[in-house]
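Structure data (PDB, C-alpha atoms) from entry34.pdb:
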ATOM      1  CA  MET A  23    -104.761  42.975 -25.180
ATOM      2  CA  ASP A  24    -102.707  46.181 -25.247
ATOM      3  CA  LYS A  25    -101.035  46.572 -21.862
ATOM      4  CA  SER A  26     -99.015  49.626 -22.876
ATOM      5  CA  ARG A  27    -102.005  51.979 -22.526
ATOM      6  CA  LEU A  28    -104.709  52.263 -19.895
ATOM      7  CA  GLN A  29    -107.884  54.352 -19.885
ATOM      8  CA  ILE A  30    -107.974  55.658 -16.323
ATOM      9  CA  GLU A  31    -111.201  57.626 -16.910
ATOM     10  CA  PRO A  32    -113.415  58.065 -19.959
ATOM     11  CA  GLY A  33    -111.245  59.649 -22.647
ATOM     12  CA  ILE A  34    -108.101  59.901 -20.483
ATOM     13  CA  TRP A  35    -105.323  57.459 -21.306
ATOM     14  CA  VAL A  36    -101.965  56.898 -19.637
ATOM     15  CA  ASP A  37     -99.223  55.469 -21.813
ATOM     16  CA  ALA A  38     -96.201  53.384 -20.787
ATOM     17  CA  ARG A  39     -94.124  55.738 -22.929
ATOM     18  CA  ARG A  40     -94.560  58.177 -19.988
ATOM     19  CA  ALA A  41     -97.310  60.314 -21.471
ATOM     20  CA  ILE A  42    -100.960  61.096 -20.877
ATOM     21  CA  TRP A  43    -103.552  61.573 -23.633
ATOM     22  CA  PHE A  44    -106.747  63.593 -23.243
ATOM     23  CA  GLU A  45    -108.718  62.273 -26.167
ATOM     24  CA  ARG A  46    -111.597  64.753 -26.105
ATOM     25  CA  LEU A  47    -109.268  67.745 -25.771
ATOM     26  CA  GLY A  48    -106.700  66.489 -28.274
ATOM     27  CA  ILE A  49    -103.984  67.134 -25.663
ATOM     28  CA  LEU A  50    -100.883  65.001 -25.224
ATOM     29  CA  ALA A  51     -98.754  65.862 -22.177
ATOM     30  CA  VAL A  52     -95.404  64.794 -20.787
ATOM     31  CA  ALA A  53     -93.352  66.188 -17.914
ATOM     32  CA  ASP A  54     -89.739  66.521 -16.809
ATOM     33  CA  LEU A  55     -87.821  65.972 -20.032
ATOM     34  CA  HIS A  56     -84.501  67.171 -18.559
ATOM     35  CA  ILE A  57     -82.978  67.637 -22.012
ATOM     36  CA  GLY A  58     -79.192  67.817 -21.786
ATOM     37  CA  TYR A  59     -79.011  65.968 -18.470
ATOM     38  CA  ASN A  60     -75.709  64.278 -19.224
ATOM     39  CA  TRP A  61     -74.190  67.370 -20.882
ATOM     40  CA  ALA A  62     -75.161  69.582 -17.930
ATOM     41  CA  HIS A  63     -73.467  67.203 -15.509
ATOM     42  CA  ARG A  64     -70.356  66.969 -17.677
ATOM     43  CA  HIS A  65     -70.265  70.769 -17.782
ATOM     44  CA  SER A  66     -70.154  70.680 -13.968
ATOM     45  CA  GLY A  67     -67.264  68.220 -14.003
ATOM     46  CA  GLN A  68     -69.194  64.975 -13.517
ATOM     47  CA  MET A  69     -68.236  62.654 -16.367
ATOM     48  CA  LEU A  70     -71.565  61.047 -17.163
ATOM     49  CA  PRO A  71     -71.546  58.778 -20.233
ATOM     50  CA  LEU A  72     -72.709  60.207 -23.554
ATOM     51  CA  HIS A  73     -74.152  56.927 -24.800
ATOM     52  CA  PRO A  74     -76.917  56.192 -25.297
ATOM     53  CA  PRO A  75     -77.497  59.670 -26.752
ATOM     54  CA  ASP A  76     -80.461  61.813 -25.719
ATOM     55  CA  ASP A  77     -83.494  60.383 -27.541
ATOM     56  CA  THR A  78     -86.096  62.751 -26.068
ATOM     57  CA  VAL A  79     -87.124  64.338 -29.359
ATOM     58  CA  SER A  80     -87.380  61.024 -31.230
ATOM     59  CA  ARG A  81     -89.519  59.529 -28.434
ATOM     60  CA  LEU A  82     -91.788  62.565 -28.537
ATOM     61  CA  GLN A  83     -92.031  62.236 -32.307
ATOM     62  CA  VAL A  84     -93.224  58.632 -31.976
ATOM     63  CA  LEU A  85     -95.929  59.742 -29.541
ATOM     64  CA  TRP A  86     -96.882  62.663 -31.798
ATOM     65  CA  ASP A  87     -97.258  60.374 -34.808
ATOM     66  CA  PHE A  88     -99.343  57.892 -32.790
ATOM     67  CA  TYR A  89    -101.800  60.338 -31.192
ATOM     68  CA  LYS A  90    -101.716  63.240 -33.682
ATOM     69  CA  PRO A  91    -102.579  65.750 -30.927
ATOM     70  CA  THR A  92    -103.893  69.257 -31.401
ATOM     71  CA  GLU A  93    -101.614  70.376 -28.578
ATOM     72  CA  LEU A  94     -98.464  68.889 -27.064
ATOM     73  CA  LEU A  95     -97.785  70.140 -23.536
ATOM     74  CA  LEU A  96     -94.329  69.873 -21.995
ATOM     75  CA  LEU A  97     -94.953  70.281 -18.276
ATOM     76  CA  GLY A  98     -91.734  71.832 -17.103
ATOM     77  CA  ASP A  99     -88.111  70.948 -16.466
ATOM     78  CA  ILE A 100     -87.754  70.883 -20.218
ATOM     79  CA  VAL A 101     -83.994  71.154 -19.762
ATOM     80  CA  HIS A 102     -81.855  69.978 -16.883
ATOM     81  CA  ARG A 103     -80.018  73.299 -16.995
ATOM     82  CA  ALA A 104     -80.371  76.096 -19.548
ATOM     83  CA  LEU A 105     -76.734  76.072 -20.630
ATOM     84  CA  PRO A 106     -75.701  77.526 -24.025
ATOM     85  CA  LEU A 107     -74.062  74.256 -25.081
ATOM     86  CA  PRO A 108     -74.348  73.257 -28.770
ATOM     87  CA  GLN A 109     -75.681  69.805 -27.883
ATOM     88  CA  ILE A 110     -78.514  71.213 -25.752
ATOM     89  CA  GLN A 111     -79.357  73.964 -28.241
ATOM     90  CA  SER A 112     -79.466  71.428 -31.078
ATOM     91  CA  GLU A 113     -81.968  69.230 -29.195
ATOM     92  CA  LEU A 114     -84.165  72.226 -28.415
ATOM     93  CA  GLN A 115     -84.108  73.422 -32.020
ATOM     94  CA  SER A 116     -85.036  69.947 -33.222
ATOM     95  CA  LEU A 117     -87.908  69.787 -30.732
ATOM     96  CA  LEU A 118     -89.396  73.109 -31.831
ATOM     97  CA  ALA A 119     -88.871  72.432 -35.535
ATOM     98  CA  ASN A 120     -90.397  68.949 -35.601
ATOM     99  CA  LEU A 121     -93.290  69.209 -33.148
ATOM    100  CA  PRO A 122     -95.794  71.915 -34.121
ATOM    101  CA  GLY A 123     -98.372  73.001 -31.578
ATOM    102  CA  VAL A 124     -96.038  72.475 -28.638
ATOM    103  CA  HIS A 125     -96.625  74.468 -25.434
ATOM    104  CA  LEU A 126     -93.694  74.934 -23.079
ATOM    105  CA  ILE A 127     -94.681  75.138 -19.409
ATOM    106  CA  ALA A 128     -91.869  76.544 -17.286
ATOM    107  CA  GLY A 129     -90.423  74.376 -14.523
ATOM    108  CA  ASN A 130     -88.000  75.180 -11.752
ATOM    109  CA  GLN A 131     -85.097  73.942 -13.917
ATOM    110  CA  ASP A 132     -86.063  76.183 -16.835
ATOM    111  CA  ARG A 133     -84.701  79.465 -15.561
ATOM    112  CA  LEU A 134     -83.012  81.286 -18.460
ATOM    113  CA  LEU A 135     -84.419  78.801 -20.993
ATOM    114  CA  GLU A 136     -86.025  81.586 -23.023
ATOM    115  CA  LYS A 137     -82.508  82.860 -23.774
ATOM    116  CA  LEU A 138     -81.787  79.638 -25.670
ATOM    117  CA  ILE A 139     -84.991  79.399 -27.726
ATOM    118  CA  SER A 140     -87.314  81.618 -29.723
ATOM    119  CA  ALA A 141     -90.536  80.202 -28.226
ATOM    120  CA  PRO A 142     -92.250  81.676 -25.142
ATOM    121  CA  LEU A 143     -92.686  79.806 -21.863
ATOM    122  CA  GLN A 144     -96.031  79.635 -20.056
ATOM    123  CA  THR A 145     -96.638  79.334 -16.319
ATOM    124  CA  ASP A 146     -99.665  77.089 -16.904
ATOM    125  CA  HIS A 147    -102.202  75.978 -19.500
ATOM    126  CA  ALA A 148    -105.920  75.733 -18.663
ATOM    127  CA  ARG A 149    -108.474  73.750 -20.667
ATOM    128  CA  ASP A 150    -112.001  72.623 -19.795
ATOM    129  CA  GLY A 151    -111.572  72.135 -16.051
ATOM    130  CA  TYR A 152    -107.922  71.011 -16.163
ATOM    131  CA  LEU A 153    -104.883  73.084 -15.208
ATOM    132  CA  PHE A 154    -101.609  71.840 -16.648
ATOM    133  CA  VAL A 155     -98.604  73.011 -14.606
ATOM    134  CA  HIS A 156     -95.119  71.881 -13.678
ATOM    135  CA  GLY A 157     -96.027  71.543 -10.001
ATOM    136  CA  HIS A 158     -93.217  73.353  -8.185
ATOM    137  CA  GLN A 159     -95.506  76.215  -7.171
ATOM    138  CA  THR A 160     -98.694  75.963  -5.137
ATOM    139  CA  THR A 161    -101.989  77.024  -6.651
ATOM    140  CA  GLU A 162    -105.468  77.621  -5.284
ATOM    141  CA  ARG A 163    -107.126  77.344  -8.677
ATOM    142  CA  PRO A 164    -110.284  75.206  -8.777
ATOM    143  CA  GLU A 165    -109.336  73.136 -11.821
ATOM    144  CA  ARG A 166    -108.043  69.588 -11.601
ATOM    145  CA  ILE A 167    -104.241  69.722 -11.635
ATOM    146  CA  VAL A 168    -102.135  67.779 -14.139
ATOM    147  CA  MET A 169     -98.479  68.090 -13.164
ATOM    148  CA  GLY A 170     -94.978  66.651 -13.114
ATOM    149  CA  HIS A 171     -92.082  67.805 -10.899
ATOM    150  CA  GLU A 172     -92.231  64.947  -8.388
ATOM    151  CA  HIS A 173     -90.852  62.140 -10.602
ATOM    152  CA  PRO A 174     -93.225  59.685  -8.879
ATOM    153  CA  ALA A 175     -92.160  56.072  -8.531
ATOM    154  CA  ILE A 176     -93.402  53.094  -6.625
ATOM    155  CA  SER A 177     -91.851  49.824  -5.465
ATOM    156  CA  VAL A 178     -93.360  46.726  -7.032
ATOM    157  CA  GLY A 179     -92.386  43.369  -5.550
ATOM    158  CA  ASP A 180     -93.271  39.719  -5.188
ATOM    159  CA  GLY A 181     -94.065  40.081  -1.483
ATOM    160  CA  VAL A 182     -91.020  38.045  -0.487
ATOM    161  CA  ALA A 183     -87.585  39.390  -1.323
ATOM    162  CA  THR A 184     -87.625  40.890  -4.799
ATOM    163  CA  SER A 185     -88.774  44.386  -5.615
ATOM    164  CA  VAL A 186     -88.126  46.988  -8.269
ATOM    165  CA  LYS A 187     -88.674  50.736  -8.254
ATOM    166  CA  CYS A 188     -90.846  51.797 -11.190
ATOM    167  CA  PRO A 189     -91.914  55.205 -12.462
ATOM    168  CA  CYS A 190     -95.642  55.665 -12.084
ATOM    169  CA  PHE A 191     -98.684  57.853 -12.623
ATOM    170  CA  LEU A 192    -100.497  58.978  -9.468
ATOM    171  CA  ILE A 193    -104.207  59.719  -9.759
ATOM    172  CA  SER A 194    -106.709  61.351  -7.428
ATOM    173  CA  ARG A 195    -109.883  63.368  -7.809
ATOM    174  CA  LYS A 196    -107.877  66.613  -7.568
ATOM    175  CA  THR A 197    -104.549  65.749  -9.169
ATOM    176  CA  ILE A 198    -102.814  63.626 -11.799
ATOM    177  CA  VAL A 199     -99.027  63.398 -11.407
ATOM    178  CA  LEU A 200     -96.987  62.253 -14.409
ATOM    179  CA  PRO A 201     -93.739  60.287 -14.296
ATOM    180  CA  ALA A 202     -90.594  61.946 -15.576
ATOM    181  CA  PHE A 203     -90.265  61.592 -19.341
ATOM    182  CA  SER A 204     -86.487  61.592 -18.934
ATOM    183  CA  LEU A 205     -84.983  58.132 -18.667
ATOM    184  CA  TRP A 206     -82.157  59.631 -16.575
ATOM    185  CA  ALA A 207     -84.472  60.966 -13.873
ATOM    186  CA  ALA A 208     -84.616  59.125 -10.573
ATOM    187  CA  GLY A 209     -87.988  58.724  -8.898
ATOM    188  CA  GLY A 210     -89.369  58.968  -5.385
ATOM    189  CA  ILE A 211     -92.584  57.985  -3.618
ATOM    190  CA  GLU A 212     -92.738  60.904  -1.166
ATOM    191  CA  VAL A 213     -95.479  62.608  -3.192
ATOM    192  CA  ALA A 214     -97.910  59.883  -2.108
ATOM    193  CA  LEU A 215     -97.665  61.179   1.454
ATOM    194  CA  ARG A 216     -99.006  64.633   0.611
ATOM    195  CA  GLU A 217    -102.402  63.675  -0.716
ATOM    196  CA  ARG A 218    -104.537  60.583  -0.671
ATOM    197  CA  PHE A 219    -104.074  59.236  -4.180
ATOM    198  CA  ASP A 220    -106.684  56.751  -5.235
ATOM    199  CA  ARG A 221    -104.528  54.973  -7.736
ATOM    200  CA  ALA A 222    -100.958  54.395  -8.885
ATOM    201  CA  VAL A 223    -100.233  53.027 -12.356
ATOM    202  CA  ALA A 224     -96.694  51.652 -12.561
ATOM    203  CA  ILE A 225     -94.586  51.457 -15.708
ATOM    204  CA  LEU A 226     -92.821  48.106 -16.103
ATOM    205  CA  GLY A 227     -90.772  48.416 -19.263
ATOM    206  CA  ASP A 228     -93.296  48.853 -22.056
ATOM    207  CA  LYS A 229     -96.288  47.728 -19.976
ATOM    208  CA  LEU A 230     -98.510  49.241 -17.311
ATOM    209  CA  LEU A 231     -99.474  47.678 -14.004
TER
END

Can I see the file as structure tokens?
Amino acid sequence: MDKSRLQIEPGIWVDARRAIWFERLGILAVADLHIGYNWAHRHSGQMLPLHPPDDTVSRLQVLWDFYKPTELLLLGDIVHRALPLPQIQSELQSLLANLPGVHLIAGNQDRLLEKLISAPLQTDHARDGYLFVHGHQTTERPERIVMGHEHPAISVGDGVATSVKCPCFLISRKTIVLPAFSLWAAGGIEVALRERFDRAVAILGDKLL
């Protein structure tokens, strides 16, 4: 039994590789890539390690090859900071060159990103009753929201003394919140206090719980 993917509703799959797949729409979505996280911090004087190197594009390519989507949606915070550093620009160029049909949804970290790339940024992307956004701005639209921004995580433990904080998907009738695609991004559980989520699906390595 494949425990790396879970169908949360008919035709909607969450994937332990931190993605969501809308089978009927042909849409694959991820959020909070934070490309250049380590380089942005080093630029600010914080000597983060450079190894392992940023594997965002290669991980996206694996997902692209697996699902073969019509559209790939990147739901904001595509970069950690839009700095004109060769390492960040190279990753962005590779992303745009190797992943056709990609839609870039602007996040709060993506200010000035359009100066580094030739592709336009969108504020949202609506399809068949779903509104794909980053999530940093409020909306009164009637569609069901699919968003990132919060980096949701949840503590999973044995009920005694051992627990681990895991990235997770949060699901309700109104909203689906995706975990950060970035492996550098820390998570929080505060989002669960804002709305009554019916379900949390935790990511434990390459499996879902």

Review point. How far is it from CA of Thr160 (chain A) to CA of Thr197 (chain A), in Å with one decimal?
Key: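 We find that CA of Thr160 (chain A) and CA of Thr197 (chain A) lie 12.4 Å from each other.
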
Check your understanding: Excluding same-chain residues fewer than 3 positions from Leu95 (chain A), what lies within 6 Å of it counting only C-alpha atoms, as number ranges by chain?
Key -> A: 51, 124-125

Review point. What is the CA of Ala128 (chain A)-CA of Cys190 (chain A) distance in Å, reported with one decimal?
Key: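 Those two atoms sit 21.8 Å apart.
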
With region 30-43 of chain A as the partner and 9 Å as the cut-off, tabulate the residues of region 154-225 of chain A that qualify, each row holding the nearest pair of atoms and their distance in Å to one decimal, using only C-alpha atoms, sorted by chain and rising number, as CSV.
residue,atom,partner,partner_atom,distance
A:Pro189,CA,A:Arg40,CA,8.5
A:Cys190,CA,A:Arg40,CA,8.4
A:Phe191,CA,A:Val36,CA,7.8
A:Ile193,CA,A:Ile30,CA,8.6
A:Leu200,CA,A:Arg40,CA,7.3
A:Pro201,CA,A:Arg40,CA,6.1
A:Ala202,CA,A:Arg40,CA,7.0
A:Phe203,CA,A:Arg40,CA,5.5
A:Ser204,CA,A:Arg40,CA,8.8
A:Val223,CA,A:Val36,CA,8.4
A:Ala224,CA,A:Ala38,CA,8.4
A:Ile225,CA,A:Ala38,CA,5.7

Practice item. Report the distance between CA of Thr78 (chain A) and CA of Arg149 (chain A) in Å, rounded to one decimal place. Key: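 These atoms are spaced 25.5 Å apart.
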
Practice item. Could you give me, as a list in words, the residues within 10 Å of Leu117 (chain A), counting all atoms listed in the file and dropping anything in the same chain fewer than 2 positions from it? Key: Thr78, Val79, Ser80, Leu82, Gln83, Gln111, Ser112, Glu113, Leu114, Gln115, Ala119, Asn120, Leu121, Pro122 and Val124 of chain A

Shell of 12 Å around Pro164 (chain A), all atoms listed in the file, local chain residues under 5 positions omitted, as an mmCIF file with C-alpha atoms, in the frame of the given file:
data_model
loop_
_atom_site.group_PDB
_atom_site.id
_atom_site.type_symbol
_atom_site.label_atom_id
_atom_site.label_comp_id
_atom_site.auth_asym_id
_atom_site.auth_seq_id
_atom_site.Cartn_x
_atom_site.Cartn_y
_atom_site.Cartn_z
ATOM 1 C CA ALA A 148 -105.920 75.733 -18.663
ATOM 2 C CA ASP A 150 -112.001 72.623 -19.795
ATOM 3 C CA GLY A 151 -111.572 72.135 -16.051
ATOM 4 C CA TYR A 152 -107.922 71.011 -16.163
ATOM 5 C CA LEU A 153 -104.883 73.084 -15.208
ATOM 6 C CA ARG A 195 -109.883 63.368 -7.809
ATOM 7 C CA LYS A 196 -107.877 66.613 -7.568
ATOM 8 C CA THR A 197 -104.549 65.749 -9.169
#

**Study point:** Given the PyMOL selection byres ((chain A and resi 143) around 8), the residues it picks as a PyMOL selection string
**Key:** chain A and resi 125-128+136+141-142+144-145

Check your understanding: Smallest atom-to-atom distance to Gly170 (chain A): which of A:Asn130, A:Ser116, A:Ser26, A:Gln109, using all atoms listed in the file?
Key ->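 Of all the options, A:Asn130 lies closest to Gly170 (chain A).
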
Point to revise | Nearest residue to Val178 (chain A) from the set A:Leu134, A:Val155, A:Glu45, A:Ala222 (distances using all atoms listed in the file) | key: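 Nearest to Val178 (chain A): A:Ala222.
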
So which residues are close to (-84.3, 59.8, -16.6), meaning at most 12 Å away in the file's coordinates with only C-alpha atoms counted, and can you show them as a tab-separated table (two decimals) with C-alpha atoms, in the frame of the given file?
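What ended up in selection-v3.tsv:
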chain	number	residue	atom	x	y	z
A	40	ARG	CA	-94.56	58.18	-19.99
A	53	ALA	CA	-93.35	66.19	-17.91
A	54	ASP	CA	-89.74	66.52	-16.81
A	55	LEU	CA	-87.82	65.97	-20.03
A	56	HIS	CA	-84.50	67.17	-18.56
A	57	ILE	CA	-82.98	67.64	-22.01
A	58	GLY	CA	-79.19	67.82	-21.79
A	59	TYR	CA	-79.01	65.97	-18.47
A	60	ASN	CA	-75.71	64.28	-19.22
A	74	PRO	CA	-76.92	56.19	-25.30
A	76	ASP	CA	-80.46	61.81	-25.72
A	77	ASP	CA	-83.49	60.38	-27.54
A	78	THR	CA	-86.10	62.75	-26.07
A	99	ASP	CA	-88.11	70.95	-16.47
A	101	VAL	CA	-83.99	71.15	-19.76
A	102	HIS	CA	-81.86	69.98	-16.88
A	173	HIS	CA	-90.85	62.14	-10.60
A	174	PRO	CA	-93.22	59.68	-8.88
A	175	ALA	CA	-92.16	56.07	-8.53
A	188	CYS	CA	-90.85	51.80	-11.19
A	189	PRO	CA	-91.91	55.20	-12.46
A	201	PRO	CA	-93.74	60.29	-14.30
A	202	ALA	CA	-90.59	61.95	-15.58
A	203	PHE	CA	-90.26	61.59	-19.34
A	204	SER	CA	-86.49	61.59	-18.93
A	205	LEU	CA	-84.98	58.13	-18.67
A	206	TRP	CA	-82.16	59.63	-16.58
A	207	ALA	CA	-84.47	60.97	-13.87
A	208	ALA	CA	-84.62	59.12	-10.57
A	209	GLY	CA	-87.99	58.72	-8.90

Check your understanding: Between A:Arg46, A:His171, A:Arg163, A:Lys229, which one has atoms that come closest to Tyr89 (chain A), using all atoms listed in the file?
Key -> A:Arg46

Is it possible to get the axis-aligned box enclosing region 115-129 of chain A (all listed atoms, 6 Å extra per side) as AutoDock Vina command-line options, with centre and edge lengths in Å rounded to one decimal?
--center_x -91.2 --center_y 72.7 --center_z -25.1 --size_x 26.3 --size_y 19.6 --size_z 33.1

Exercise for review: Select, from A:Gly157, A:Val84, A:Ile100, A:Leu50, the residue with the minimum atom-to-atom distance to Gly123 (chain A), counting only C-alpha atoms.
Suggested key: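 The answer is A:Leu50, which sits nearest to Gly123 (chain A).
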